[in-house]
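Containing mmCIF, C-alpha atoms: query_37.cif.
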```cif
data_upload
#
loop_
_atom_site.label_atom_id
_atom_site.label_comp_id
_atom_site.auth_asym_id
_atom_site.auth_seq_id
_atom_site.Cartn_x
_atom_site.Cartn_y
_atom_site.Cartn_z
CA MET Q 1 0.00 0.00 0.00
CA SER Q 2 1.36 3.40 -0.86
CA TYR Q 3 0.54 6.72 0.70
CA ILE Q 4 0.54 10.03 -1.04
CA CYS Q 5 1.59 13.01 1.01
CA ARG Q 6 0.12 16.28 -0.20
CA LEU Q 7 1.55 19.48 1.14
CA SER Q 8 -0.03 22.86 0.84
CA PRO Q 9 1.94 25.41 -1.21
CA ASN Q 10 2.30 27.52 1.95
CA PHE Q 11 3.91 24.71 3.96
CA ALA Q 12 7.12 25.85 5.64
CA PRO Q 13 9.39 22.98 6.77
CA ARG Q 14 11.18 23.23 10.08
CA GLY Q 15 14.90 23.22 10.62
CA GLY Q 16 15.89 25.90 8.13
CA LEU Q 17 15.24 23.88 4.97
CA SER Q 18 14.00 25.87 2.03
CA ASN Q 19 10.78 24.82 0.33
CA ALA Q 20 12.83 23.86 -2.75
CA SER Q 21 15.16 21.51 -0.85
CA PHE Q 22 12.25 20.05 1.10
CA THR Q 23 10.38 19.41 -2.16
CA ALA Q 24 13.46 17.75 -3.66
CA GLN Q 25 13.78 15.49 -0.60
CA HIS Q 26 10.07 14.64 -0.75
CA GLN Q 27 10.33 13.76 -4.45
CA SER Q 28 13.37 11.58 -3.74
CA VAL Q 29 11.43 9.66 -1.08
CA SER Q 30 8.53 9.28 -3.49
CA VAL Q 31 10.83 7.82 -6.18
CA ASN Q 32 12.34 5.41 -3.62
CA GLU Q 33 8.86 4.28 -2.58
CA GLN Q 34 7.94 3.65 -6.21
CA LEU Q 35 11.11 1.59 -6.71
CA GLU Q 36 10.40 -0.46 -3.59
CA GLU Q 37 6.88 -1.18 -4.79
CA LYS Q 38 8.32 -2.55 -8.03
CA TRP Q 39 11.01 -4.55 -6.23
CA TYR Q 40 8.56 -6.24 -3.88
CA ALA Q 41 5.84 -6.90 -6.49
CA SER Q 42 5.61 -10.47 -7.72
CA PRO Q 43 5.55 -11.23 -11.46
CA GLU Q 44 1.81 -11.95 -11.33
CA GLU Q 45 1.16 -8.63 -9.59
CA ILE Q 46 3.09 -6.79 -12.31
CA ASN Q 47 1.69 -8.72 -15.28
CA GLU Q 48 -1.88 -9.46 -14.21
CA GLY Q 49 -2.58 -7.17 -11.27
CA VAL Q 50 -3.33 -10.25 -9.14
CA CYS Q 51 -2.17 -10.50 -5.54
CA THR Q 52 -2.45 -13.81 -3.69
CA ILE Q 53 -0.82 -15.41 -0.67
CA LEU Q 54 1.83 -16.75 -3.07
CA SER Q 55 2.52 -13.17 -4.14
CA ASN Q 56 3.23 -12.45 -0.49
CA ILE Q 57 5.62 -15.41 -0.43
CA TYR Q 58 7.50 -13.77 -3.30
CA SER Q 59 7.64 -10.48 -1.38
CA LEU Q 60 8.92 -12.38 1.65
CA GLY Q 61 11.79 -13.67 -0.50
CA VAL Q 62 12.64 -10.10 -1.51
CA LEU Q 63 12.59 -8.98 2.12
CA PHE Q 64 14.71 -11.93 3.22
CA PHE Q 65 17.28 -11.14 0.53
CA GLU Q 66 17.31 -7.45 1.41
CA LEU Q 67 17.85 -8.17 5.10
CA LEU Q 68 20.74 -10.57 4.48
CA CYS Q 69 22.59 -8.76 1.71
CA GLN Q 70 24.93 -5.88 2.46
CA PHE Q 71 25.21 -3.12 -0.12
CA GLU Q 72 28.13 -0.73 -0.61
CA SER Q 73 25.91 2.11 -1.80
CA GLU Q 74 22.35 2.97 -2.75
CA ARG Q 75 23.30 2.49 -6.38
CA ALA Q 76 24.59 -1.04 -5.65
CA HIS Q 77 21.41 -1.72 -3.68
CA ALA Q 78 19.20 -0.57 -6.59
CA ALA Q 79 21.21 -2.64 -9.10
CA ALA Q 80 20.99 -5.77 -6.94
CA MET Q 81 17.26 -5.31 -6.45
CA LEU Q 82 16.72 -4.98 -10.20
CA ASP Q 83 18.75 -8.16 -10.79
CA LEU Q 84 16.72 -9.93 -8.13
CA CYS Q 85 13.58 -9.92 -10.27
CA HIS Q 86 15.56 -12.20 -12.63
CA ARG Q 87 16.71 -14.29 -9.65
CA ILE Q 88 20.30 -13.08 -10.03
CA PHE Q 89 22.20 -12.61 -6.77
CA PRO Q 90 25.37 -10.63 -6.16
CA PRO Q 91 28.38 -13.00 -6.02
CA THR Q 92 29.18 -12.05 -2.43
CA PHE Q 93 25.65 -12.93 -1.35
CA LEU Q 94 26.01 -16.39 -2.86
CA SER Q 95 29.40 -17.04 -1.28
CA GLU Q 96 28.39 -15.77 2.16
CA ASN Q 97 24.81 -17.12 2.29
CA LEU Q 98 24.65 -20.32 0.25
CA LYS Q 99 21.76 -21.96 2.14
CA GLU Q 100 19.83 -18.71 2.40
CA ALA Q 101 20.31 -18.08 -1.33
CA GLY Q 102 18.66 -21.43 -2.07
CA PHE Q 103 15.79 -20.53 0.22
CA CYS Q 104 15.39 -17.15 -1.50
CA LEU Q 105 15.39 -18.78 -4.93
CA ARG Q 106 12.44 -20.95 -3.90
CA LEU Q 107 10.52 -17.97 -2.56
CA LEU Q 108 11.30 -15.92 -5.67
CA HIS Q 109 10.24 -18.52 -8.21
CA PRO Q 110 8.51 -16.77 -11.14
CA GLU Q 111 5.80 -19.44 -11.25
CA PRO Q 112 3.55 -18.95 -8.19
CA SER Q 113 2.55 -22.63 -7.99
CA LEU Q 114 6.22 -23.58 -7.56
CA ARG Q 115 6.78 -21.30 -4.56
CA PRO Q 116 6.56 -22.90 -1.14
CA THR Q 117 3.37 -22.27 0.78
CA THR Q 118 3.05 -21.05 4.34
CA ARG Q 119 1.55 -24.46 5.17
CA TYR Q 120 4.71 -26.16 3.92
CA TYR Q 121 6.89 -24.07 6.21
CA LYS Q 122 4.58 -24.52 9.18
CA LEU Q 123 4.85 -28.28 8.73
CA PHE Q 124 8.60 -28.07 8.17
CA ILE Q 125 9.19 -25.94 11.27
CA GLY Q 126 6.84 -28.14 13.31
CA ALA Q 127 8.77 -31.26 12.30
CA LYS Q 128 12.08 -29.62 13.24
CA CYS Q 129 10.68 -28.60 16.66
CA GLU Q 130 9.40 -32.13 17.30
CA ALA Q 131 12.80 -33.54 16.38
CA LEU Q 132 14.50 -31.15 18.81
CA GLU Q 133 12.05 -32.05 21.59
CA SER Q 134 12.59 -35.78 21.09
CA TYR Q 135 16.36 -35.21 21.20
CA ASN Q 136 16.13 -33.65 24.68
#
```
Re-express the file's structure as structure tokens.
Amino acid sequence: MSYICRLSPNFAPRGGLSNASFTAQHQSVSVNEQLEEKWYASPEEINEGVCTILSNIYSLGVLFFELLCQFESERAHAAAMLDLCHRIFPPTFLSENLKEAGFCLRLLHPEPSLRPTTRYYKLFIGAKCEALESYN
């Protein structure tokens, strides 16, 4: 969900910023929000305008990647996020997070029916917990 912030023409920002610099900052934030919406949108959301639970799984994969990957700059971050829609990871991410990269690839599968479901992970996590309990 995106929010649009409308400011009156007479708005005076605090802290000594001019209206021009405040407007430039606001436009920059708006552009970043638009980019993030594209990055987190699943292929079916972009192509068909359809959002399902499996679309959310895709977005979870994007979030997981973004939390694990370290970026040298905003430009590197933007480039990596654009590559991510093609399931291309930065080499350092692959070398440092091999298991997590495999997990992300499953979540980011372009075909929604081939993404894992929340039920799958609930069962998987439940089985792991039971195995740990039986070990103790």
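Proximity of Q:Glu74, Q:Glu45, Q:Glu100, Q:Glu133 to Gly61 of chain Q, computed with only C-alpha atoms, is greatest for Q:Glu100.
You can rank Q:Leu123, Q:Leu84, Q:Glu111, Q:Leu98 by their closest distance to Ser55 of chain Q using all atoms listed in the file, and at the top of that list sits Q:Glu111.
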**Asked** Quick one: of Q:Ala79, Q:Leu67, Q:Leu35, Q:Val50, who's nearest to Cys104 of chain Q, counting only C-alpha atoms?
**Response** Q:Leu67
**Prompt:** Smallest atom-to-atom distance to Ser59 of chain Q: which of Q:Cys85, Q:Ala41, Q:Leu94, Q:Ala101, using all atoms listed in the file?
**Reply:**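 Closest to Ser59 of chain Q, using all atoms listed in the file: Q:Ala41.
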**Prompt:** Pick the closest to Ser113 of chain Q from Q:Asn47, Q:Ile57, Q:Val62, Q:Asn97: which is it, counting all atoms listed in the file?
**Reply:** Q:Ile57
**Request:** Apply the PyMOL selection byres ((chain Q and resi 60) around 12) to the file shown and report the selected residues as a ChimeraX atom specification.
**Result:** /Q:39-42,53-59,61-67,103-109,115-118
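Atom CA of Leu68 of chain Q is positioned 16.2 Å from atom CA of Leu82 of chain Q.
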**Request:** Record the distance separating atom CA of Ala78 of chain Q and atom CA of Ser95 of chain Q, expressed in Å with one decimal.
**Result:** 20.1 Å
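Minimum atom-to-atom distances from Q:Pro112, Q:His77, Q:Lys122, Q:Pro90 to Asn32 of chain Q were compared using all atoms listed in the file, and the lowest value belongs to Q:His77.
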